[in-house]
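Chemist: Submitted below is the structure of interest, expressed as C-alpha cells.
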Amino acid sequence: MLLQGATLLDGRVADVRIDGAHIGDVALDRLVPRPNEEIHDLAGRVLLPSPIEPHAHLDKAYTARSVSNPAGDLAGAIAAWYQYRRTLTTADIAIRAREAALAGVVRGVTAIRTHVDVGEGIELRALEALVEVRAELESIVTIEIVAMTSRPVTGVAGADNRALLRAALVAGADLVGGAPHVDPDPLSCLEFFVETAAEFACGMDLHTDETLAPGRLGLADLARLVAGGFPHPVTASHCVRLGAQPLAVQARVAAAVAAAGISVVTLPQTNLYLQARGVDTSAPRGLTALAALRQAGVNVAAGGDNIRDPFNPLGRADPLETAGLLVAAGHLDPIDAYHAVSTAARIAMGRPPVAVAPGDPADLLAIWAPSADAAIATASEDRRVYRRGCLVATTTVSTQLAWPPPARTP
Ligand SMILES: [Zn+2]
C-alpha cells in the first residue's frame, strides 16, 4: 500500500509505503508505485501515529440516561453506579461496550485499555462481556482488560471482591485494577494489588488518589512498593491529589515515580467534571501535577475515561478532545498533548512507539487538516484509520457553504 502526499507531524510532505503491518519506507520525494500496489491519496491530510485510548470504562458507556448522579461528584457516581450495575446482563454490557469501542476506532484509536468492574453485584458479567467484545473486534482494535476490583477490597468484607479479582484474572483479564484510595485501608489494599499482580505475572493500572482532599498519597506508596523494579507495566491513573500538593512534594513524588518506571494517566474530561464540586470561587482543575511529572521524566499519558455515564455526561471517544482539554486546562503545547494520547499512551500499555518511520507499526491516523496543530485544533471528523497496515475506518465530511449567496429571482 502506498500513501501519497501526506503531511507529517513536522510539516513535511511525504509518501509512505506500507509493507504488511509495518511502515516500509518514508520519502520526501515521490515513491514509484509498484505493480498492483494499492494507492491512497492523502493530499490535504496530516498523517499521525494513531492515538491509543489508555483508560476507558467501556462497561459503563452510554448509561447516563439510566443512572442519575445529582451531586455530580465521584462519591455520587460510584453510589449510583453500584446500585444500577446489579441490573446489568452480560449481553447489555457487550452491546454498549462494542458501540463505545467502535466509536473510538472511527476516531483513530487502534488500541484501548478498558477497566471493567469486578465485584459483588456485578460479579464477572462485565468481564465476560469485554472478553467477548475483545475477541469479536480483534481484527480492528486491540482491547486490553483491567479487572477493576470493587470496594471494599480489604478485611472480612472484602473477601468476595478479592476472590472475584483472582477469578477475573483466570477468566481473561489482562491486568490488576482497583481504587485503593476509596478502600477503608488504602495501604493494605495497594499491597494486595501489587502482590496479586506479581503472583499472576501481569501489569496493574490503579485508580490512584482521585480526589482533591488532603490525605495520604497512594502514588508515593505505589512508587515505594515497586521501587525495586516491577517486571510488568505499572500505571497510576488520575493522581488528582498530587496536583493539589506543594511544589516540593510534587517534585519529590514525581522523582520517585520516574525512578520506579510508573506511567501516569491523566483524565481531563472526567476529573474536570467530577472534581471541585461545591468550590464556588477559584475552583481548582482536578488534574494531576502535569508539569512536575513531565519535568521529572515520568511518562504522562492522557485518556478519555468515561463516555456518557454517571461519571461524565459527555464524551465522544475522541482522543483529540482529550488532547484539546490538556491544552486548555493543563497548559500543554498542542503537539505535547497529542503525544500524551498517542506515544505516551502506547508506552503506558507497553507497546512499540510509532513515529511514522521505516520499521514502525503501520498504526496511523490520516486527518483532514493542513498541519498537525490544525488537526488538533479542528479535530475534523474527516479521518482514515490504519491499523497493522489495513484501512479499518473511513469518515468523509462534506460541507456546503451558501457563499456567495445564491442569486435570487426577482
Ligand atoms: Zn477510570
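Each chain in the C-alpha cells gets a letter, A, B and so on, in the order shown; residues start at 1 in every chain, and ligands are counted from 1 in the order they appear.
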Give me the residues near region 11-19 of chain A as a PyMOL selection string, where near means some atom within 12 Å (using only C-alpha atoms) and where sequence neighbours in that chain fewer than 2 positions away do not count.
Modeler: chain A and resi 1-9+21-34+37-48+356-364+366+369-375+386-391
Chemist: Quick one: residues within 12 Å of Gln269 (chain A), only C-alpha atoms counted, chain neighbours fewer than 3 positions away excluded, as a PDB file with C-alpha atoms, in the first residue's frame?
Modeler:
```
ATOM      1  CA  HIS A  55      -8.090   4.458  30.083  1.00  0.00           C
ATOM      2  CA  ALA A  56     -11.698   3.649  29.235  1.00  0.00           C
ATOM      3  CA  HIS A 238      -5.871  10.119  37.817  1.00  0.00           C
ATOM      4  CA  THR A 266      -4.428  11.947  33.434  1.00  0.00           C
ATOM      5  CA  LEU A 272     -12.725  18.432  35.307  1.00  0.00           C
ATOM      6  CA  TYR A 273     -16.340  17.301  35.654  1.00  0.00           C
ATOM      7  CA  LEU A 274     -16.225  15.441  38.999  1.00  0.00           C
ATOM      8  CA  GLN A 275     -13.709  17.452  40.992  1.00  0.00           C
ATOM      9  CA  ARG A 285      -8.865  21.990  37.856  1.00  0.00           C
ATOM     10  CA  GLY A 286      -8.741  18.451  39.167  1.00  0.00           C
ATOM     11  CA  LEU A 287      -5.744  17.426  37.055  1.00  0.00           C
ATOM     12  CA  ALA A 302      -3.974  11.029  28.816  1.00  0.00           C
ATOM     13  CA  GLY A 303      -7.236   9.179  28.331  1.00  0.00           C
ATOM     14  CA  GLY A 304     -10.912   9.791  27.782  1.00  0.00           C
ATOM     15  CA  ASP A 305     -12.174   7.775  30.775  1.00  0.00           C
ATOM     16  CA  ASN A 306     -15.989   7.871  30.832  1.00  0.00           C
ATOM     17  CA  ILE A 307     -18.412   8.250  27.943  1.00  0.00           C
ATOM     18  CA  ARG A 308     -21.871   9.470  28.896  1.00  0.00           C
ATOM     19  CA  PHE A 311     -19.126   9.854  35.960  1.00  0.00           C
ATOM     20  CA  ASN A 312     -19.260  12.121  32.902  1.00  0.00           C
ATOM     21  CA  PRO A 313     -22.407  13.085  30.965  1.00  0.00           C
ATOM     22  CA  LEU A 314     -20.406  13.986  27.828  1.00  0.00           C
ATOM     23  CA  GLY A 315     -17.631  12.302  25.854  1.00  0.00           C
ATOM     24  CA  ARG A 316     -17.304  11.217  22.214  1.00  0.00           C
ATOM     25  CA  ALA A 317     -14.490   8.660  22.390  1.00  0.00           C
ATOM     26  CA  ASP A 318     -12.150  11.106  20.674  1.00  0.00           C
ATOM     27  CA  PRO A 319      -8.524  11.401  21.824  1.00  0.00           C
ATOM     28  CA  LEU A 320      -8.391  14.782  20.076  1.00  0.00           C
ATOM     29  CA  GLU A 321     -10.983  16.039  22.552  1.00  0.00           C
ATOM     30  CA  THR A 322      -8.733  14.767  25.354  1.00  0.00           C
ATOM     31  CA  ALA A 323      -5.713  16.485  23.760  1.00  0.00           C
ATOM     32  CA  GLY A 324      -7.678  19.725  23.405  1.00  0.00           C
ATOM     33  CA  LEU A 325      -8.613  19.693  27.081  1.00  0.00           C
ATOM     34  CA  LEU A 326      -4.961  19.109  28.017  1.00  0.00           C
ATOM     35  CA  ALA A 328      -6.793  24.376  27.688  1.00  0.00           C
ATOM     36  CA  ALA A 329      -6.818  23.038  31.248  1.00  0.00           C
ATOM     37  CA  GLY A 330      -3.336  21.505  31.531  1.00  0.00           C
TER      38      GLY A 330
END
```
Chemist: In region 192-389 of chain A, what's strand (DSSP E or B) per DSSP? Answer as a VMD selection string?
Modeler: chain A and resid 204 to 208 234 to 238 263 to 266 300 to 302 305 309 312 361 364 to 368 383 to 387
Chemist: Let me see if you get this right: every residue at most 12 Å from ligand 1, counting only C-alpha atoms and all ligand atoms, written as a PDB file with C-alpha atoms, in the first residue's frame.
Modeler:
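Once written, pocket03.pdb looks like this:
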```
ATOM      1  CA  GLU A  53      -7.021   5.010  24.480  1.00  0.00           C
ATOM      2  CA  PRO A  54      -5.140   4.110  27.693  1.00  0.00           C
ATOM      3  CA  HIS A  55      -8.090   4.458  30.083  1.00  0.00           C
ATOM      4  CA  ALA A  56     -11.698   3.649  29.235  1.00  0.00           C
ATOM      5  CA  HIS A  57     -14.686   2.167  31.055  1.00  0.00           C
ATOM      6  CA  LEU A  58     -16.455   0.517  28.135  1.00  0.00           C
ATOM      7  CA  ASP A  59     -18.748  -1.401  30.514  1.00  0.00           C
ATOM      8  CA  LYS A  60     -20.242   1.868  31.782  1.00  0.00           C
ATOM      9  CA  ALA A  61     -20.589   3.729  28.461  1.00  0.00           C
ATOM     10  CA  LEU A  74     -17.181  10.859  42.369  1.00  0.00           C
ATOM     11  CA  ALA A  77     -21.304   8.462  40.715  1.00  0.00           C
ATOM     12  CA  ILE A  78     -19.951   5.378  42.498  1.00  0.00           C
ATOM     13  CA  ARG A 113      -7.233  -0.316  27.670  1.00  0.00           C
ATOM     14  CA  THR A 114     -10.568  -0.619  29.418  1.00  0.00           C
ATOM     15  CA  HIS A 115     -11.288  -1.107  33.092  1.00  0.00           C
ATOM     16  CA  VAL A 116     -14.219  -3.402  33.870  1.00  0.00           C
ATOM     17  CA  ASP A 117     -15.969  -3.612  37.211  1.00  0.00           C
ATOM     18  CA  VAL A 146      -8.141  -4.258  33.557  1.00  0.00           C
ATOM     19  CA  ALA A 147     -10.093  -6.063  36.286  1.00  0.00           C
ATOM     20  CA  MET A 148     -11.198  -3.123  38.419  1.00  0.00           C
ATOM     21  CA  THR A 149     -11.826  -4.623  41.837  1.00  0.00           C
ATOM     22  CA  GLY A 177      -7.021  -2.842  38.807  1.00  0.00           C
ATOM     23  CA  GLY A 178      -8.899  -1.120  41.562  1.00  0.00           C
ATOM     24  CA  ALA A 179      -9.059   2.125  43.524  1.00  0.00           C
ATOM     25  CA  ASP A 205      -3.393   0.008  36.391  1.00  0.00           C
ATOM     26  CA  LEU A 206      -4.747   1.543  39.571  1.00  0.00           C
ATOM     27  CA  HIS A 207      -7.176   4.416  40.043  1.00  0.00           C
ATOM     28  CA  THR A 208      -4.955   6.469  42.328  1.00  0.00           C
ATOM     29  CA  ASP A 209      -5.743   9.454  44.569  1.00  0.00           C
ATOM     30  CA  GLU A 210      -8.794  10.537  42.573  1.00  0.00           C
ATOM     31  CA  THR A 235       0.165   2.654  35.612  1.00  0.00           C
ATOM     32  CA  ALA A 236      -1.299   5.105  38.098  1.00  0.00           C
ATOM     33  CA  SER A 237      -4.434   6.743  36.730  1.00  0.00           C
ATOM     34  CA  HIS A 238      -5.871  10.119  37.817  1.00  0.00           C
ATOM     35  CA  CYS A 239      -3.395  11.121  40.593  1.00  0.00           C
ATOM     36  CA  VAL A 265      -2.544   8.681  33.030  1.00  0.00           C
ATOM     37  CA  THR A 266      -4.428  11.947  33.434  1.00  0.00           C
ATOM     38  CA  LEU A 267      -8.142  12.012  32.626  1.00  0.00           C
ATOM     39  CA  PRO A 268      -9.212  15.601  31.949  1.00  0.00           C
ATOM     40  CA  GLN A 269     -12.830  15.027  30.861  1.00  0.00           C
ATOM     41  CA  THR A 270     -13.931  13.149  33.956  1.00  0.00           C
ATOM     42  CA  ASN A 271     -11.824  14.949  36.545  1.00  0.00           C
ATOM     43  CA  LEU A 274     -16.225  15.441  38.999  1.00  0.00           C
ATOM     44  CA  ALA A 302      -3.974  11.029  28.816  1.00  0.00           C
ATOM     45  CA  GLY A 303      -7.236   9.179  28.331  1.00  0.00           C
ATOM     46  CA  GLY A 304     -10.912   9.791  27.782  1.00  0.00           C
ATOM     47  CA  ASP A 305     -12.174   7.775  30.775  1.00  0.00           C
ATOM     48  CA  ASN A 306     -15.989   7.871  30.832  1.00  0.00           C
ATOM     49  CA  ILE A 307     -18.412   8.250  27.943  1.00  0.00           C
ATOM     50  CA  ASP A 309     -22.268   7.658  32.182  1.00  0.00           C
ATOM     51  CA  PRO A 310     -22.808   8.882  35.774  1.00  0.00           C
ATOM     52  CA  PHE A 311     -19.126   9.854  35.960  1.00  0.00           C
ATOM     53  CA  ASN A 312     -19.260  12.121  32.902  1.00  0.00           C
TER      54      ASN A 312
END
```
Chemist: List every residue of region 105-135 of chain A that DSSP, applied to the backbone, labels as alpha helix (DSSP H), and write the result as a list of chain:residue names.
Modeler: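 Everything in region 105-135 of chain A that counts as alpha helix (DSSP H) is A:Val105, A:Val106, A:Arg125, A:Ala126, A:Leu127, A:Glu128, A:Ala129, A:Leu130, A:Val131, A:Glu132, A:Val133, A:Arg134, A:Ala135.
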Chemist: Nearest to Gly297 (chain A) among A:Ser282, A:Asp333, A:Thr378, A:Ser263, with distances taken over only C-alpha atoms: which residue is it?
Modeler: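 Counting only C-alpha atoms, the residue closest to Gly297 (chain A) is A:Ser263.
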Chemist: Go ahead and compute the interatomic distance for CA of Ala340 (chain A) and CA of Ala168 (chain A), in Å to one decimal.
Modeler: 29.3 Å
Chemist: Between A:Asp382, A:Asp336, A:Glu199, A:Asp221, which one has atoms that come closest to Val257 (chain A), using only C-alpha atoms?
Modeler: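 Closest residue, counting only C-alpha atoms: A:Asp221.
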Chemist: What's around Gly203 (chain A) at 8 Å? Count only C-alpha atoms, leave out sequence neighbours fewer than 5 positions away in its own chain, and write the answer as a list of chain:residue names.
Modeler: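 With the cut-off at 8 Å, the set is A:Asp174, A:Leu175, A:Val176, A:Ala197, A:His232, A:Pro233, A:Val234.
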Chemist: Between CA of Pro49 (chain A) and CA of Ala100 (chain A), measure the distance and give it in Å to one decimal.
Modeler: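 Spanning CA of Pro49 (chain A) to CA of Ala100 (chain A) is a straight-line distance of 21.1 Å.
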Chemist: Enter the distance from CA of Ile376 (chain A) to CA of Val141 (chain A), in Å, rounded to one decimal.
Modeler: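 Interatomic distance here is 22.1 Å.
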Chemist: Of the residues A:Val279, A:Ala126, A:Glu191, A:Ala135, which is the one nearest to Leu164 (chain A), using only C-alpha atoms?
Modeler: A:Ala126
Chemist: Counting only C-alpha atoms, what is within 9 Å of Ala393 (chain A), bar same-chain residues fewer than 2 positions away, as a list in words?
Modeler: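 Residues near the query, excluding close chain neighbours: Val105, Val106, Arg107, Gly108, Ile140, Arg383, Arg384, Val385, Tyr386, Leu391 and Thr395 of chain A.
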Chemist: Determine, counting only C-alpha atoms, which protein, DNA and RNA residues have an atom within 8 Å of an atom of Ala255 (chain A); residues of the same chain fewer than 2 positions away are not included. Present the result as a VMD selection string.
Modeler: chain A and resid 251 to 253 257 to 259 293 296 to 298
Chemist: Hey, which of A:Asn161, A:Cys189, A:Ala103, A:Ala379 ends up closest to Ile367 (chain A)? Count only C-alpha atoms.
Modeler: A:Ala379
Chemist: Given the choices A:Leu212, A:Val156, A:Leu219, A:Ile52, which gets closest to Pro186 (chain A) if the distance is worked out from only C-alpha atoms?
Modeler: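 Under the stated criterion, the closest residue is A:Leu219.
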